[in-house]
Amino acid sequence: MGVAACYHVSRAGASVLGLEQFAIPHERGSHGGQSRIIRQAYFEHPDYVPLLKRAYHNWQQLEHRAATHVYHPTGLLYAAPPGHFLISGTQTSAARYNVALQTLAPSERHVRFPAFQLPHHYDVLVEPEAGLLLPHRCLSAYKEQALLAGAVIKEHQRVWGWQKKGNEVVVTTAQGEYRCRTLVITAGAWAGQVLPSLASSLRVTRQVIAWVQPQKPALFQLGSFPCWLIAHPALPGSFYGFPVLPHEKVGGPAGLKIAYHHPGRVVEADEPDRGDTQSDVDVLMDALNTYLPLGCGQLLTVKTCLYTSTPDEHFVIDFLPDMNHQVVVAAGFSGHGFKFVSVVGEVLSDLALQKKTDLPIGFLGLSRLARAGTP
């Protein structure tokens, strides 16, 4: 979110300094793991859909400006037991905002997607215009374009603290102090450290991702296999995965990627050892064997990334109170935020430069956390 904000602010002609404690991109936070799903029929809440439509537009603009491909349209298969919110929420958002959605009868499923082994009674939908983003390529392109537009980005500078002094905001790092009129904080899993007043509303969890060698690789290649989200009847959240991506073109691990979208074990963002992953891998492999048995082969790679979740799992994008609209916060993206990077960058630029935005973010304000009984 931060490097996209640098891009939009610099494109608007303002002076911008971006501070990053690692490099851009990196593998320590929430954007690692080679790929992210992007979709518009948003089961989490219909209010996200207008932001997603703008996000699609902004991703296309980035591709044009940077002359690179960050988005691959693969389609997305949703499957869940009857009455599950994954299906009903997806249908509600699609109907409200006219998002293309297809219903697959049991007789059609194996013909279109022979790799899946889905229970006959499951409801199955397909969102044709969904697909995947390549996070490292996205962020590298935003950094390059921000620099070309005049932004200054300093990597390997961890922020130790900040405070408002008169009409300025002063940011302190190990390398020195920086002064600005407006501060935008997009600290990911470290947001609770940089924003102590929000710490009790943000939970950081470790998420395990696995790549396996499919038994029949031809069934799972990019171009013939979709992204997918499948709900398990006995577990919260949903399992999800991606086609096998050509390693020589996109980088990252080889193989078929699978993950579990549900908050995992609570950790500290700086915790160097995120603990044993075998039990998490066992859950992933069991799901793969259940729903994609021909994809369940040799385990190739295991990685971890971080979720930073709010109590309601909706984002926080707002001005920090009592700061005269000089401190903007974007945090708590709850494991489903990356697809919004392109539009959140625009929103943060609007708030920083104009002190308002026309994009519909009212439902993501800080006040709801206070109403829910958290600071």
# chains A, B, ... in the order shown; residues from 1 in each chain; ligands from 1
>>> residues_around(residues="range 357-359 of chain A", least_positions_apart="2", cutoff="9 Å", atoms="only C-alpha atoms", output="PyMOL selection string")
chain A and resi 50-51+54+343+346-351+354-355+361-362
>>> write_last_selection(atoms="N, CA and C atoms", output="mmCIF file, in the first residue's frame")
data_model
loop_
_atom_site.group_PDB
_atom_site.id
_atom_site.type_symbol
_atom_site.label_atom_id
_atom_site.label_comp_id
_atom_site.auth_asym_id
_atom_site.auth_seq_id
_atom_site.Cartn_x
_atom_site.Cartn_y
_atom_site.Cartn_z
ATOM 1 N N PRO A 50 -17.131 -1.602 -5.584
ATOM 2 C CA PRO A 50 -16.713 -0.397 -6.315
ATOM 3 C C PRO A 50 -15.209 -0.127 -6.216
ATOM 4 N N LEU A 51 -14.622 -0.420 -5.064
ATOM 5 C CA LEU A 51 -13.177 -0.261 -4.930
ATOM 6 C C LEU A 51 -12.441 -1.250 -5.828
ATOM 7 N N ARG A 54 -12.385 -0.099 -9.425
ATOM 8 C CA ARG A 54 -11.329 0.901 -9.598
ATOM 9 C C ARG A 54 -9.952 0.248 -9.552
ATOM 10 N N VAL A 343 -5.799 0.581 -5.787
ATOM 11 C CA VAL A 343 -6.800 1.596 -5.453
ATOM 12 C C VAL A 343 -6.523 2.211 -4.092
ATOM 13 N N GLU A 346 -4.226 5.056 -4.461
ATOM 14 C CA GLU A 346 -4.924 6.260 -4.924
ATOM 15 C C GLU A 346 -5.686 6.920 -3.781
ATOM 16 N N VAL A 347 -6.374 6.127 -2.966
ATOM 17 C CA VAL A 347 -7.117 6.662 -1.821
ATOM 18 C C VAL A 347 -6.179 7.402 -0.872
ATOM 19 N N LEU A 348 -5.042 6.799 -0.558
ATOM 20 C CA LEU A 348 -4.110 7.418 0.374
ATOM 21 C C LEU A 348 -3.539 8.713 -0.190
ATOM 22 N N SER A 349 -3.306 8.754 -1.486
ATOM 23 C CA SER A 349 -2.859 9.989 -2.125
ATOM 24 C C SER A 349 -3.931 11.073 -2.001
ATOM 25 N N ASP A 350 -5.177 10.701 -2.260
ATOM 26 C CA ASP A 350 -6.279 11.664 -2.113
ATOM 27 C C ASP A 350 -6.330 12.225 -0.698
ATOM 28 N N LEU A 351 -6.273 11.344 0.299
ATOM 29 C CA LEU A 351 -6.383 11.787 1.687
ATOM 30 C C LEU A 351 -5.198 12.656 2.076
ATOM 31 N N GLN A 354 -5.585 15.995 -0.617
ATOM 32 C CA GLN A 354 -6.850 16.724 -0.676
ATOM 33 C C GLN A 354 -7.642 16.673 0.626
ATOM 34 N N LYS A 355 -7.213 15.816 1.555
ATOM 35 C CA LYS A 355 -7.884 15.600 2.839
ATOM 36 C C LYS A 355 -9.256 14.967 2.691
ATOM 37 N N ILE A 361 -14.897 4.761 0.851
ATOM 38 C CA ILE A 361 -14.190 4.062 1.928
ATOM 39 C C ILE A 361 -14.836 4.279 3.292
ATOM 40 N N GLY A 362 -16.032 4.849 3.324
ATOM 41 C CA GLY A 362 -16.655 5.176 4.608
ATOM 42 C C GLY A 362 -16.793 3.983 5.545
#
>>> residues_around(residues="Phe242 in chain A", least_positions_apart="3", cutoff="8 Å", atoms="only C-alpha atoms", output="list of chain:residue names")
A:Ser35, A:Leu132, A:Phe225, A:Pro226, A:Cys227, A:Trp228, A:Leu256, A:Lys257, A:Ile258
>>> write_last_selection(atoms="N, CA and C atoms", output="compact mmCIF listing (two decimals), in the first residue's frame")
# COMPACT_ATOMS: atom_id res chain seq x y z
N SER A 35 1.97 -15.14 -5.70
CA SER A 35 0.71 -14.84 -6.39
C SER A 35 -0.38 -14.46 -5.40
N LEU A 132 -5.24 -13.68 -11.18
CA LEU A 132 -4.18 -13.58 -10.19
C LEU A 132 -3.26 -12.41 -10.51
N PHE A 225 -6.06 -24.01 -16.09
CA PHE A 225 -6.55 -24.30 -14.74
C PHE A 225 -6.85 -22.98 -14.04
N PRO A 226 -7.97 -22.89 -13.30
CA PRO A 226 -8.34 -21.61 -12.68
C PRO A 226 -7.75 -21.45 -11.29
N CYS A 227 -7.81 -20.24 -10.77
CA CYS A 227 -7.70 -20.05 -9.33
C CYS A 227 -8.96 -20.63 -8.69
N TRP A 228 -8.90 -20.89 -7.40
CA TRP A 228 -10.06 -21.53 -6.76
C TRP A 228 -10.16 -21.19 -5.28
N LEU A 256 2.34 -26.41 -7.71
CA LEU A 256 0.94 -26.03 -7.50
C LEU A 256 0.81 -25.44 -6.10
N LYS A 257 0.35 -24.21 -5.99
CA LYS A 257 0.27 -23.51 -4.71
C LYS A 257 -1.09 -23.72 -4.05
N ILE A 258 -1.06 -23.98 -2.74
CA ILE A 258 -2.28 -24.11 -1.95
C ILE A 258 -2.08 -23.39 -0.63
>>> residues_around(residues="Thr68 in chain A", least_positions_apart="2", cutoff="9 Å", atoms="only C-alpha atoms", output="number ranges by chain")
A: 62-66, 70, 137-138, 141
>>> write_last_selection(atoms="N, CA and C atoms", output="PDB file, in the first residue's frame")
ATOM      1  N   LEU A  62      -1.209   0.639 -14.539  1.00  0.00           N
ATOM      2  CA  LEU A  62       0.170   0.324 -14.161  1.00  0.00           C
ATOM      3  C   LEU A  62       0.827  -0.540 -15.223  1.00  0.00           C
ATOM      4  N   GLU A  63       0.113  -1.548 -15.710  1.00  0.00           N
ATOM      5  CA  GLU A  63       0.676  -2.395 -16.761  1.00  0.00           C
ATOM      6  C   GLU A  63       1.067  -1.578 -17.984  1.00  0.00           C
ATOM      7  N   HIS A  64       0.217  -0.629 -18.344  1.00  0.00           N
ATOM      8  CA  HIS A  64       0.488   0.206 -19.517  1.00  0.00           C
ATOM      9  C   HIS A  64       1.719   1.087 -19.282  1.00  0.00           C
ATOM     10  N   ARG A  65       1.777   1.735 -18.128  1.00  0.00           N
ATOM     11  CA  ARG A  65       2.885   2.659 -17.864  1.00  0.00           C
ATOM     12  C   ARG A  65       4.214   1.921 -17.708  1.00  0.00           C
ATOM     13  N   ALA A  66       4.171   0.771 -17.043  1.00  0.00           N
ATOM     14  CA  ALA A  66       5.411   0.043 -16.751  1.00  0.00           C
ATOM     15  C   ALA A  66       5.770  -0.969 -17.832  1.00  0.00           C
ATOM     16  N   VAL A  70       1.174  -7.711 -14.789  1.00  0.00           N
ATOM     17  CA  VAL A  70       1.051  -8.051 -13.371  1.00  0.00           C
ATOM     18  C   VAL A  70      -0.208  -8.866 -13.092  1.00  0.00           C
ATOM     19  N   ARG A 137       6.176  -8.424  -8.827  1.00  0.00           N
ATOM     20  CA  ARG A 137       6.212  -7.634 -10.061  1.00  0.00           C
ATOM     21  C   ARG A 137       5.380  -6.358  -9.894  1.00  0.00           C
ATOM     22  N   CYS A 138       4.235  -6.455  -9.207  1.00  0.00           N
ATOM     23  CA  CYS A 138       3.397  -5.272  -8.954  1.00  0.00           C
ATOM     24  C   CYS A 138       4.181  -4.208  -8.193  1.00  0.00           C
ATOM     25  N   ALA A 141       7.125  -2.651 -10.060  1.00  0.00           N
ATOM     26  CA  ALA A 141       6.659  -1.686 -11.061  1.00  0.00           C
ATOM     27  C   ALA A 141       6.241  -0.384 -10.410  1.00  0.00           C
TER      28      ALA A 141
END
>>> closest_residue(among="A:Val212, A:Ala130, A:Leu320, A:Ala218", to="Cys296 in chain A", atoms="only C-alpha atoms")
A:Val212
>>> residues_around(residues="Leu147 in chain A", least_positions_apart="3", cutoff="10 Å", atoms="only C-alpha atoms", output="JSON, numbers by chain")
{"A": [6, 7, 10, 11, 16, 141, 142, 143, 144, 150, 151, 152, 153]}
>>> closest_residue(among="A:Glu44, A:Val3, A:Ala330, A:Val250", to="Ile185 in chain A", atoms="only C-alpha atoms")
A:Ala330
>>> closest_residue(among="A:Gly335, A:Pro196, A:Pro311, A:Pro243", to="His261 in chain A", atoms="only C-alpha atoms")
A:Gly335
>>> closest_residue(among="A:Val244, A:Ala174, A:Val124, A:Leu306", to="Arg203 in chain A", atoms="only C-alpha atoms")
A:Leu306
>>> atom_distance(atom1="CA of Pro81 in chain A", atom2="CA of Leu292 in chain A")
16.6 Å
>>> atom_distance(atom1="CA of Asn167 in chain A", atom2="CA of His325 in chain A")
10.9 Å
>>> closest_residue(among="A:Gly13, A:Pro236, A:Pro253, A:Gly75", to="Phe113 in chain A", atoms="only C-alpha atoms")
A:Gly75
>>> residues_around(residues="range 21-27 of chain A", least_positions_apart="3", cutoff="7 Å", atoms="only C-alpha atoms", output="VMD selection string")
chain A and resid 32 136 139 to 140 155 to 158
>>> select_by_dssp(residues="range 57-204 of chain A", states="strand (DSSP E)", output="VMD selection string")
chain A and resid 71 to 73 76 to 80 102 to 103 123 to 127 131 to 133 152 to 155 159 to 165 168 to 173 176 to 180 183 to 185 203 to 204
>>> closest_atom_pairs(of="range 7-66 of chain A", to="range 265-272 of chain A", cutoff="12 Å", atoms="only C-alpha atoms", output="CSV")
residue,atom,partner,partner_atom,distance
A:Gln21,CA,A:Asp270,CA,11.6
A:Arg28,CA,A:Ala269,CA,8.6
A:Gly29,CA,A:Ala269,CA,7.9
A:Ser30,CA,A:Ala269,CA,10.3
>>> closest_atom_pairs(of="range 328-373 of chain A", to="range 198-201 of chain A", cutoff="12 Å", atoms="only C-alpha atoms", output="Markdown table")
| residue | atom | partner | partner_atom | distance |
| --- | --- | --- | --- | --- |
| A:Val329 | CA | A:Leu198 | CA | 10.1 |
| A:Ala330 | CA | A:Leu198 | CA | 11.2 |
| A:Ala331 | CA | A:Leu198 | CA | 9.3 |
| A:Gly332 | CA | A:Ser201 | CA | 8.5 |
| A:Ser334 | CA | A:Ser201 | CA | 11.5 |
| A:Leu366 | CA | A:Leu198 | CA | 9.3 |
| A:Ser367 | CA | A:Leu198 | CA | 11.7 |
| A:Arg368 | CA | A:Ser201 | CA | 11.0 |
| A:Leu369 | CA | A:Ser201 | CA | 7.4 |
| A:Ala370 | CA | A:Ser201 | CA | 9.6 |
| A:Ala372 | CA | A:Ser201 | CA | 10.0 |
| A:Gly373 | CA | A:Ser201 | CA | 9.7 |
>>> write_last_selection(atoms="C-alpha atoms", output="mmCIF file, in the first residue's frame")
data_model
loop_
_atom_site.group_PDB
_atom_site.id
_atom_site.type_symbol
_atom_site.label_atom_id
_atom_site.label_comp_id
_atom_site.auth_asym_id
_atom_site.auth_seq_id
_atom_site.Cartn_x
_atom_site.Cartn_y
_atom_site.Cartn_z
ATOM 1 C CA VAL A 329 -3.512 5.222 8.423
ATOM 2 C CA ALA A 330 -3.978 2.123 6.263
ATOM 3 C CA ALA A 331 -3.823 -1.132 8.231
ATOM 4 C CA GLY A 332 -5.529 -4.412 9.092
ATOM 5 C CA SER A 334 -6.828 -9.194 7.133
ATOM 6 C CA LEU A 366 -11.665 3.894 12.544
ATOM 7 C CA SER A 367 -14.909 4.853 14.296
ATOM 8 C CA ARG A 368 -16.371 1.372 13.859
ATOM 9 C CA LEU A 369 -13.607 -0.086 16.054
ATOM 10 C CA ALA A 370 -14.582 2.289 18.870
ATOM 11 C CA ALA A 372 -17.217 -2.342 18.706
ATOM 12 C CA GLY A 373 -15.532 -1.604 22.029
#
>>> closest_residue(among="A:Pro46, A:Gly166, A:Gly251, A:Pro321", to="Asn98 in chain A", atoms="only C-alpha atoms")
A:Pro46
